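S.K.: This one is model-v1.txt, compact mmCIF, C-alpha atoms.
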```txt
# COMPACT_ATOMS: atom_id res chain seq x y z
CA THR Y 1348 76.12 95.07 118.84
CA ALA Y 1349 72.42 95.87 118.91
CA HIS Y 1350 69.46 93.68 118.02
CA TRP Y 1351 67.04 94.83 115.36
CA ASP Y 1352 64.27 92.27 115.84
CA HIS Y 1353 61.22 92.35 118.06
CA LEU Y 1354 58.18 90.16 118.69
CA GLY Y 1355 56.23 90.42 115.41
CA ILE Y 1356 52.48 90.81 115.91
CA ASN Y 1357 49.96 90.02 118.61
CA THR Y 1358 47.46 87.74 116.90
CA ASP Y 1359 45.16 87.81 119.93
CA MET Y 1360 44.16 91.45 119.46
CA GLU Y 1361 42.56 93.58 116.76
CA GLY Y 1362 43.66 96.97 115.50
CA ASP Y 1363 47.29 98.01 115.75
CA ASN Y 1364 48.76 94.70 116.87
CA ILE Y 1365 52.37 95.26 115.74
CA PHE Y 1366 55.18 94.94 118.27
CA ASN Y 1367 57.14 97.88 116.92
CA GLY Y 1368 59.92 97.64 119.49
CA ALA Y 1369 60.63 101.33 119.05
CA SER Y 1370 62.64 101.51 122.24
CA ASP Y 1371 63.53 97.81 122.43
CA ASN Y 1372 65.51 97.82 120.29
CA ALA Y 1373 65.14 100.31 117.44
CA THR Y 1374 66.90 102.81 119.69
CA GLY Y 1375 69.89 100.49 120.01
CA THR Y 1376 69.96 99.88 116.27
CA ALA Y 1377 69.84 103.63 115.65
CA GLY Y 1378 72.68 104.03 118.12
CA LEU Y 1379 74.68 101.40 116.24
CA LEU Y 1380 74.23 103.29 112.96
CA ALA Y 1381 75.15 106.58 114.63
CA LEU Y 1382 78.34 105.02 116.00
CA ALA Y 1383 79.22 103.61 112.59
CA TYR Y 1384 78.87 107.09 111.14
CA LEU Y 1385 80.93 108.69 113.92
CA HIS Y 1386 83.77 106.22 113.49
CA SER Y 1387 83.69 106.60 109.70
CA GLN Y 1388 84.47 110.29 110.14
CA GLN Y 1389 87.69 109.60 112.07
CA PRO Y 1390 91.22 108.86 110.82
CA PRO Y 1391 91.97 105.14 110.41
CA VAL Y 1392 92.68 103.24 113.62
CA GLU Y 1393 94.90 100.22 114.24
CA ARG Y 1394 92.11 97.75 114.87
CA THR Y 1395 89.01 96.78 112.93
CA ILE Y 1396 85.67 97.84 114.38
CA VAL Y 1397 82.66 95.67 113.57
CA PHE Y 1398 79.13 97.08 113.74
CA LEU Y 1399 76.87 94.09 114.18
CA ALA Y 1400 73.06 94.28 114.07
CA VAL Y 1401 71.81 90.87 115.13
CA THR Y 1402 68.39 89.31 114.83
CA ALA Y 1403 66.40 86.83 116.91
CA GLU Y 1404 67.48 88.31 120.23
CA GLU Y 1405 63.89 88.09 121.40
CA SER Y 1406 63.82 84.42 120.38
CA GLY Y 1407 66.76 83.44 122.57
CA LEU Y 1408 69.78 85.52 121.50
CA LEU Y 1409 70.04 83.39 118.35
CA GLY Y 1410 71.66 85.95 116.05
CA SER Y 1411 74.53 86.75 118.38
CA GLN Y 1412 74.92 83.06 119.14
CA TRP Y 1413 75.32 82.34 115.44
CA TYR Y 1414 77.91 85.09 115.08
CA ALA Y 1415 79.89 83.87 118.09
CA GLN Y 1416 80.06 80.45 116.41
CA ASN Y 1417 80.70 81.85 112.91
CA PRO Y 1418 82.65 85.08 113.45
CA ILE Y 1419 83.96 87.37 110.73
CA PHE Y 1420 87.21 87.72 112.69
CA PRO Y 1421 88.68 85.15 115.11
CA ILE Y 1422 87.03 85.20 118.51
CA ALA Y 1423 90.41 84.78 120.21
CA LYS Y 1424 91.53 88.08 118.66
CA THR Y 1425 88.26 89.93 119.27
CA VAL Y 1426 89.18 92.59 121.81
CA ALA Y 1427 85.76 93.36 123.26
CA ASN Y 1428 82.03 93.53 122.74
CA ILE Y 1429 80.00 96.65 123.56
CA ASN Y 1430 76.29 95.96 123.49
CA MET Y 1431 73.35 98.38 123.29
CA ASP Y 1432 69.82 97.36 124.17
CA ASN Y 1433 66.97 99.78 124.80
CA MET Y 1434 68.56 103.20 125.02
CA ASN Y 1435 67.64 106.26 127.05
CA THR Y 1436 64.62 108.28 125.86
CA ILE Y 1437 64.01 110.47 128.93
CA GLY Y 1438 67.01 112.81 128.99
CA ARG Y 1439 70.50 113.10 130.39
CA MET Y 1440 71.56 111.18 133.47
CA LYS Y 1441 74.31 111.81 135.97
CA ASP Y 1442 74.98 108.10 136.31
CA VAL Y 1443 75.87 105.15 134.11
CA VAL Y 1444 74.72 101.70 135.20
CA VAL Y 1445 76.84 98.60 134.62
CA VAL Y 1446 74.81 95.45 134.15
CA GLY Y 1447 76.78 92.54 135.56
CA ALA Y 1448 79.15 94.86 137.42
CA ARG Y 1449 82.69 93.82 138.36
CA SER Y 1450 82.92 91.49 135.40
CA SER Y 1451 85.76 92.77 133.24
CA GLU Y 1452 88.43 95.43 132.81
CA LEU Y 1453 86.18 97.13 130.26
CA GLU Y 1454 84.53 98.76 133.24
CA ASN Y 1455 87.76 100.70 133.83
CA TYR Y 1456 87.39 102.17 130.34
CA LEU Y 1457 83.77 102.97 131.05
CA GLU Y 1458 84.62 104.76 134.29
CA GLN Y 1459 87.25 106.89 132.55
CA ALA Y 1460 84.87 107.87 129.73
CA ALA Y 1461 82.03 108.56 132.16
CA GLU Y 1462 84.25 110.74 134.33
CA ALA Y 1463 85.15 112.80 131.26
CA GLN Y 1464 81.42 113.47 130.85
CA GLY Y 1465 81.05 114.44 134.50
CA ARG Y 1466 79.13 111.24 135.29
CA TYR Y 1467 79.56 108.44 137.78
CA VAL Y 1468 79.29 104.67 137.36
CA LYS Y 1469 77.24 102.41 139.59
CA SER Y 1470 76.11 98.78 139.61
CA GLU Y 1471 72.69 97.72 138.38
CA PRO Y 1472 70.02 98.02 141.10
CA THR Y 1473 68.42 94.61 140.41
CA PRO Y 1474 71.16 92.02 139.71
CA GLU Y 1475 68.78 89.26 140.80
CA ARG Y 1476 66.90 89.72 137.51
CA GLY Y 1477 69.90 88.36 135.60
CA TYR Y 1478 69.95 91.00 132.87
CA TYR Y 1479 73.60 90.25 132.07
CA TYR Y 1480 72.48 86.85 130.78
CA ARG Y 1481 69.56 88.20 128.73
CA SER Y 1482 71.05 90.25 125.92
CA ASP Y 1483 73.43 89.67 123.02
CA HIS Y 1484 76.67 90.42 124.87
CA PHE Y 1485 76.13 87.16 126.78
CA ASN Y 1486 77.02 85.07 123.72
CA PHE Y 1487 80.33 86.89 123.41
CA ALA Y 1488 81.01 86.34 127.09
CA LYS Y 1489 80.32 82.63 126.72
CA VAL Y 1490 83.15 82.32 124.20
CA GLY Y 1491 85.47 84.40 126.36
CA VAL Y 1492 85.23 87.87 124.79
CA PRO Y 1493 85.04 90.57 127.48
CA ALA Y 1494 81.60 92.11 127.05
CA LEU Y 1495 80.32 95.43 128.35
CA TYR Y 1496 76.62 96.05 128.87
CA ALA Y 1497 75.93 99.49 130.32
CA GLU Y 1498 73.06 101.94 130.09
CA SER Y 1499 71.90 105.28 131.38
CA GLY Y 1500 71.06 105.20 135.04
CA GLU Y 1501 68.17 106.81 136.89
CA ASP Y 1502 69.79 109.96 138.36
CA HIS Y 1503 68.19 112.46 136.00
CA ILE Y 1504 70.27 115.60 135.55
CA GLU Y 1505 67.26 117.86 136.22
CA PHE Y 1506 64.70 115.84 138.18
CA GLY Y 1507 66.75 113.40 140.22
CA VAL Y 1508 66.65 109.70 141.03
CA GLU Y 1509 62.98 109.33 141.95
CA TYR Y 1510 61.90 110.76 138.59
CA GLY Y 1511 64.29 108.57 136.65
CA ALA Y 1512 63.25 105.45 138.54
CA ALA Y 1513 59.56 106.24 138.03
CA GLN Y 1514 60.07 106.70 134.29
CA ALA Y 1515 61.94 103.42 134.03
CA GLN Y 1516 59.21 101.60 135.94
CA ASP Y 1517 56.53 103.19 133.78
CA TYR Y 1518 58.22 101.82 130.67
CA THR Y 1519 58.52 98.35 132.22
CA ASP Y 1520 54.88 98.34 133.31
CA ASN Y 1521 53.28 99.82 130.21
CA ARG Y 1522 55.46 99.40 127.12
CA TYR Y 1523 58.12 96.72 127.59
CA HIS Y 1524 57.39 93.84 125.19
CA ALA Y 1525 54.02 95.40 124.39
CA VAL Y 1526 52.50 96.77 121.18
CA SER Y 1527 52.55 100.15 122.91
CA ASP Y 1528 56.36 100.33 122.55
CA GLU Y 1529 56.04 102.89 119.76
CA TYR Y 1530 58.05 105.91 118.72
CA ASN Y 1531 57.13 109.03 120.65
CA PRO Y 1532 58.08 112.41 119.15
CA GLY Y 1533 58.26 113.72 122.71
CA TRP Y 1534 61.27 111.54 123.54
CA ASP Y 1535 64.27 113.37 124.95
CA LEU Y 1536 67.20 111.68 123.23
CA SER Y 1537 69.92 113.86 124.75
CA GLY Y 1538 70.79 111.05 127.17
CA ALA Y 1539 71.04 108.53 124.35
CA VAL Y 1540 73.39 110.90 122.50
CA GLU Y 1541 75.56 111.15 125.60
CA ASP Y 1542 75.68 107.37 125.91
CA ILE Y 1543 76.57 106.99 122.23
CA ASN Y 1544 79.46 109.39 122.72
CA LEU Y 1545 80.48 107.35 125.76
CA TYR Y 1546 80.64 104.14 123.73
CA PHE Y 1547 82.43 105.98 120.93
CA GLU Y 1548 85.21 107.04 123.30
CA ILE Y 1549 85.60 103.53 124.71
CA ALA Y 1550 85.73 101.90 121.28
CA SER Y 1551 88.12 104.54 119.95
CA THR Y 1552 90.50 103.88 122.83
CA LEU Y 1553 90.32 100.11 122.41
CA ALA Y 1554 90.82 100.39 118.65
CA SER Y 1555 93.93 102.54 119.05
CA GLU Y 1556 95.88 100.50 121.59
CA ALA Y 1557 97.48 97.08 121.65
CA SER Y 1558 96.21 95.71 124.95
CA PHE Y 1559 93.55 93.04 125.42
CA PRO Y 1560 91.32 93.78 128.43
CA ASN Y 1561 90.46 90.65 130.37
CA TRP Y 1562 87.83 89.47 132.80
CA PHE Y 1563 88.44 90.17 136.47
CA GLU Y 1564 89.81 87.37 138.63
CA GLY Y 1565 87.09 85.00 139.72
CA ASN Y 1566 84.81 85.73 136.77
CA GLU Y 1567 83.22 82.63 135.26
CA PHE Y 1568 84.38 83.51 131.73
CA LYS Y 1569 88.04 84.26 132.47
CA ALA Y 1570 89.31 80.70 132.03
CA ILE Y 1571 87.81 80.56 128.54
CA ARG Y 1572 89.58 83.77 127.58
CA ASP Y 1573 92.86 82.73 129.15
CA SER Y 1574 92.85 79.44 127.21
CA SER Y 1575 93.20 81.37 123.93
CA ALA Y 1576 95.92 83.77 125.15
CA SER Y 1577 98.60 82.21 122.93
CA GLN Y 1578 96.61 83.24 119.83
CA ARG Y 1579 96.85 86.94 120.70
```
Let's see the structure in the file written out as structure tokens.

M.R.:
Amino acid sequence: TAHWDHLGINTDMEGDNIFNGASDNATGTAGLLALAYLHSQQPPVERTIVFLAVTAEESGLLGSQWYAQNPIFPIAKTVANINMDNMNTIGRMKDVVVVGARSSELENYLEQAAEAQGRYVKSEPTPERGYYYRSDHFNFAKVGVPALYAESGEDHIEFGVEYGAAQAQDYTDNRYHAVSDEYNPGWDLSGAVEDINLYFEIASTLASEASFPNWFEGNEFKAIRDSSASQR
């Protein structure tokens, strides 16, 4: 999943008042299309892969909520959700951050794929901000589907953690949910490409095996998933 909407226009200002959402979340939508292309070039797999571009994320995750209530394929038989929101535009990272860490067994798949790239996985630095409950994967979690929300970290492969953290904070301070979130030809998308390949490997593995990853013990969504086990 990735959301293709943004905030429309800022009627309180003159000039270029369009919320382009170039990073949030045109980058995720572009990643979704790239993944669809990558998978289309592979031999057929055992399981169906759905590429879902949802709308109204910025209005309360409404598009993904609608899909979770009106799915193309039964929710009980939906193996996993991998969500992309606001991808990396500042270059390759040594780390991968899990938002809502220690939630589901999908993180084991992520760790394996990250290790193959020579990267390490770590938990989000600010869990108190509740990001796991603020993007489209949350609506899949609410109906029991294990949902993975990961992103590039801040340990830049050339310039280190301080640089990566400063760049992330600069985006939050100056472009997040602002009309200034516009495409920049100076973006370094090599990190986004690496993340796309990461998600491709995870999805390819899930689509080629028969197992159903579950939530970890103690997770708030596990009981919902377990209640539909007989349908799998």

S.K.: Between Y:Glu1541, Y:Glu1405, Y:Glu1505, Y:Asp1363, which has the minimum distance to Asp1483 of chain Y (counting all atoms listed in the file)?

M.R.: Y:Glu1405

S.K.: Work out how far atom CA of Asn1357 of chain Y is from atom CA of Asp1517 of chain Y, in Å to one decimal.

M.R.: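 Spanning atom CA of Asp1517 of chain Y to atom CA of Asn1357 of chain Y is a straight-line distance of 21.1 Å.
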
S.K.: So, counting all atoms listed in the file, which residue among Y:Leu1382, Y:Leu1495, Y:Ala1554, Y:Ala1415 is closest to Val1444 of chain Y?

M.R.: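 Closest candidate: Y:Leu1495.
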
S.K.: In Å, with one decimal, what is the gap from atom CA of Val1468 of chain Y to atom CA of Arg1522 of chain Y?

M.R.: 26.5 Å

S.K.: Report as a tab-separated table: every residue of segment 1465-1513 of chain Y with an atom at most 10 Å from segment 1423-1426 of chain Y, its closest pair of atoms, and their distance in Å to one decimal, counting all atoms listed in the file, with rows sorted by chain and ascending residue number.

M.R.:
```
residue	atom	partner	partner_atom	distance
Y:Phe1487	CA	Y:Thr1425	CA	9.4
Y:Val1490	CA	Y:Ala1423	CA	8.6
Y:Gly1491	CA	Y:Ala1423	CA	7.9
Y:Val1492	CA	Y:Thr1425	CA	6.6
Y:Pro1493	CA	Y:Val1426	CA	7.3
Y:Ala1494	CA	Y:Val1426	CA	9.2
```

S.K.: Would you please work out which residue, of Y:Gly1507, Y:Pro1418, Y:Gly1500, Y:Gly1533, is nearest to Tyr1467 of chain Y when using all atoms listed in the file?

M.R.: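 Looking at the shortest contact to Tyr1467 of chain Y, the residue is Y:Gly1500.
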